[in-house]
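Below is protein_35.cif, which holds mmCIF, C-alpha atoms.
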data_data
loop_
_atom_site.label_atom_id
_atom_site.label_comp_id
_atom_site.auth_asym_id
_atom_site.auth_seq_id
_atom_site.Cartn_x
_atom_site.Cartn_y
_atom_site.Cartn_z
CA GLU A 1 25.72 -82.08 199.93
CA ARG A 2 23.03 -82.58 202.58
CA SER A 3 20.34 -83.30 200.01
CA PRO A 4 18.56 -86.63 199.60
CA LEU A 5 20.32 -87.04 196.23
CA ALA A 6 23.76 -86.73 197.82
CA LYS A 7 22.75 -89.25 200.50
CA LEU A 8 21.53 -91.69 197.84
CA GLU A 9 24.80 -91.24 195.96
CA ALA A 10 26.81 -92.00 199.13
CA MET A 11 24.71 -95.11 199.82
CA GLY A 12 25.38 -96.57 196.35
CA ALA A 13 21.78 -96.18 195.16
CA ARG A 14 20.76 -96.68 191.56
CA VAL A 15 18.47 -94.70 189.28
CA LEU A 16 15.61 -96.52 187.57
CA LEU A 17 14.13 -94.58 184.69
CA LEU A 18 10.89 -96.43 183.99
CA GLY A 19 9.08 -95.13 180.94
CA ALA A 20 10.94 -91.82 181.30
CA GLY A 21 13.85 -90.29 179.43
CA TYR A 22 16.95 -88.61 180.75
CA ALA A 23 15.16 -85.24 180.84
CA SER A 24 13.56 -86.63 184.03
CA CYS A 25 16.85 -87.73 185.62
CA THR A 26 17.01 -85.54 188.73
CA SER A 27 20.40 -87.01 189.70
CA PHE A 28 21.94 -84.74 187.06
CA HIS A 29 20.79 -81.73 189.13
CA LEU A 30 23.23 -82.68 191.91
CA ALA A 31 26.06 -82.13 189.43
CA GLU A 32 24.75 -78.61 188.72
CA TYR A 33 25.31 -77.73 192.38
CA ARG A 34 28.86 -79.06 192.32
CA ILE A 35 30.22 -77.17 189.33
CA PRO A 36 30.43 -73.42 188.72
CA SER A 37 26.87 -72.71 187.64
CA PRO A 38 24.81 -69.63 186.86
CA ARG A 39 22.94 -68.21 189.83
CA VAL A 40 19.51 -66.62 189.93
CA ALA A 41 17.49 -64.66 192.44
CA VAL A 42 14.47 -66.54 193.76
CA GLY A 43 11.80 -65.69 196.30
CA ARG A 44 11.06 -67.84 199.30
CA PRO A 45 9.10 -67.45 202.52
CA GLY A 46 11.19 -66.04 205.37
CA PRO A 47 10.60 -65.10 209.00
CA GLU A 48 9.37 -61.63 208.01
CA GLY A 49 7.56 -62.50 204.76
CA TRP A 50 8.99 -63.19 201.31
CA GLU A 51 12.73 -62.76 200.90
CA THR A 52 15.00 -62.93 197.88
CA VAL A 53 17.93 -65.35 197.90
CA THR A 54 20.49 -66.34 195.29
CA GLU A 55 20.34 -69.98 194.23
CA VAL A 56 22.00 -72.18 191.63
CA SER A 57 20.04 -71.96 188.40
CA ILE A 58 19.02 -75.52 187.63
CA SER A 59 17.61 -76.65 184.33
CA SER A 60 16.91 -80.01 182.73
CA GLU A 61 17.53 -78.40 179.35
CA ARG A 62 19.93 -80.67 177.41
CA PHE A 63 19.55 -83.54 179.92
CA ASP A 64 18.38 -85.75 177.02
CA GLU A 65 21.63 -84.99 175.19
CA LEU A 66 23.63 -85.53 178.39
CA GLY A 67 21.84 -88.85 178.92
CA TYR A 68 22.57 -89.99 175.37
CA ASP A 69 26.30 -89.33 175.90
CA PHE A 70 26.21 -90.94 179.36
CA GLU A 71 24.60 -94.09 177.96
CA ARG A 72 27.12 -94.20 175.12
CA ASP A 73 30.10 -93.91 177.50
CA ARG A 74 28.98 -95.68 180.69
CA PRO A 75 27.31 -99.01 181.43
CA VAL A 76 23.54 -98.66 181.62
CA VAL A 77 21.27 -101.68 181.99
CA ARG A 78 18.42 -101.38 179.49
CA GLY A 79 15.27 -103.42 179.17
CA LYS A 80 11.50 -103.40 179.12
CA VAL A 81 9.04 -103.48 181.98
CA GLY A 82 5.71 -104.15 180.33
CA ALA A 83 5.59 -101.70 177.46
CA ALA A 84 7.90 -99.20 179.20
CA GLU A 85 11.55 -98.71 178.32
CA ALA A 86 13.68 -99.05 181.48
CA ARG A 87 17.21 -97.88 182.29
CA LEU A 88 19.16 -98.70 185.46
CA PHE A 89 22.47 -97.15 186.56
CA PRO A 90 24.27 -95.94 189.71
CA VAL A 91 23.49 -92.43 190.95
CA ALA A 92 27.23 -91.87 191.53
CA ASP A 93 28.07 -92.68 187.88
CA ALA A 94 25.37 -90.31 186.61
CA VAL A 95 26.49 -87.45 188.88
CA ALA A 96 30.20 -87.86 188.13
CA TYR A 97 29.56 -87.99 184.37
CA ALA A 98 27.20 -85.01 184.51
CA GLU A 99 29.76 -82.92 186.42
CA GLN A 100 32.27 -83.37 183.60
CA TRP A 101 29.72 -83.04 180.80
CA LEU A 102 28.01 -79.91 182.14
CA ALA A 103 31.35 -78.18 182.75
CA VAL A 104 32.05 -78.49 179.01
CA HIS A 105 28.57 -78.12 177.48
CA ARG A 106 26.95 -75.45 179.65
CA PRO A 107 27.93 -71.79 179.75
CA ARG A 108 29.80 -70.64 182.83
CA GLU A 109 28.26 -68.18 185.30
CA GLU A 110 30.16 -65.17 183.98
CA GLU A 111 28.86 -65.88 180.46
CA PHE A 112 25.30 -65.58 181.80
CA LEU A 113 26.07 -62.40 183.71
CA HIS A 114 28.01 -60.77 180.87
CA PRO A 115 26.89 -62.21 177.52
CA PRO A 116 29.09 -61.46 174.49
CA VAL A 117 28.16 -58.28 172.64
#
Kindly present the structure from the file in structure tokens form.
Amino acid sequence: ERSPLAKLEAMGARVLLLGAGYASCTSFHLAEYRIPSPRVAVGRPGPEGWETVTEVSISSERFDELGYDFERDRPVVRGKVGAAEARLFPVADAVAYAEQWLAVHRPREEEFLHPPV
């Protein structure tokens, strides 16, 4: 909630995808942090060398599909800038939609930890 994305959301910022698809829409990652998501161990530098911490597992896998559904259900301004396809929409709309979509279309944490046999 202290990330630049959350601050942009609070300020009413908009996303401009210019020549890029929804797989590049980093606003969707904010939703991953807000819903129950799988966690993974990652290494990072610490005061006494490398340490292992548990972080939310983020992935842009299926963001194209999420974006297709978002564009179908929410207003997105589309156009061309030169030869590039452009899309413009509020960060808050993208995050709110992604929170609902990911909760339905992504496995929950316990499914990652204990896959069906």
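One finds atom CA of A:Asp93 at 7.8 Å from atom CA of A:Arg74.
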So how far away is atom CA of A:Arg14 from atom CA of A:Arg39, in Å? 28.6 Å
Chain and number of each residue from the PyMOL selection byres ((chain A and resi 16) around 7), as JSON, numbers by chain: {"A": [14, 15, 17, 18, 86, 87, 88, 89]}
Create the file for the chosen residues now, containing C-alpha atoms and written as a PDB file, keeping the file's coordinate frame.
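Once everything was written out, this is again_12.pdb:
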ATOM      1  CA  ARG A  14      20.760 -96.680 191.560  1.00  0.00           C
ATOM      2  CA  VAL A  15      18.470 -94.700 189.280  1.00  0.00           C
ATOM      3  CA  LEU A  17      14.130 -94.580 184.690  1.00  0.00           C
ATOM      4  CA  LEU A  18      10.890 -96.430 183.990  1.00  0.00           C
ATOM      5  CA  ALA A  86      13.680 -99.050 181.480  1.00  0.00           C
ATOM      6  CA  ARG A  87      17.210 -97.880 182.290  1.00  0.00           C
ATOM      7  CA  LEU A  88      19.160 -98.700 185.460  1.00  0.00           C
ATOM      8  CA  PHE A  89      22.470 -97.150 186.560  1.00  0.00           C
TER       9      PHE A  89
END
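Across A:Glu51, A:Gly67, A:Ala13, A:Leu5, the tightest approach to A:Tyr97 is made by A:Gly67 when counting all atoms listed in the file.
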Using all atoms listed in the file, find the one residue out of A:Ser57, A:Leu30, A:Ser37, A:Gly19 that sits nearest to A:Gly82. A:Gly19
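Across A:Gly49, A:Pro36, A:Gly43, A:Pro4, the tightest approach to A:Val104 is made by A:Pro36 when counting only C-alpha atoms.
Closest approach to A:Leu102 from the set A:Ala84, A:Met11, A:Ile35, A:Ala23 is made by A:Ile35, with distances taken over only C-alpha atoms.
Between A:Glu32 and the candidates A:Gln100, A:Arg2, A:Val81, A:Asp64, the tightest atom-to-atom separation, counting all atoms listed in the file, involves A:Gln100.
Atom pair atom CA of A:Ser27 / atom CA of A:Val95: separated by 6.2 Å.
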Chain and number of each residue from the PyMOL selection byres ((chain A and resi 66) around 12), as a count of residues only: 36
Determine the axis-aligned bounding box of all atoms of stretch 93-103 of chain A present in the file, pad each side by 6 Å, and express its centre and edge lengths in Å to one decimal place as JSON.
{"center_x": 28.8, "center_y": -85.4, "center_z": 184.8, "size_x": 18.9, "size_y": 26.5, "size_z": 20.1}
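Closest approach to A:Leu8 among A:Pro47, A:Pro90, A:Pro75, A:Pro38: A:Pro90, based on all atoms listed in the file.
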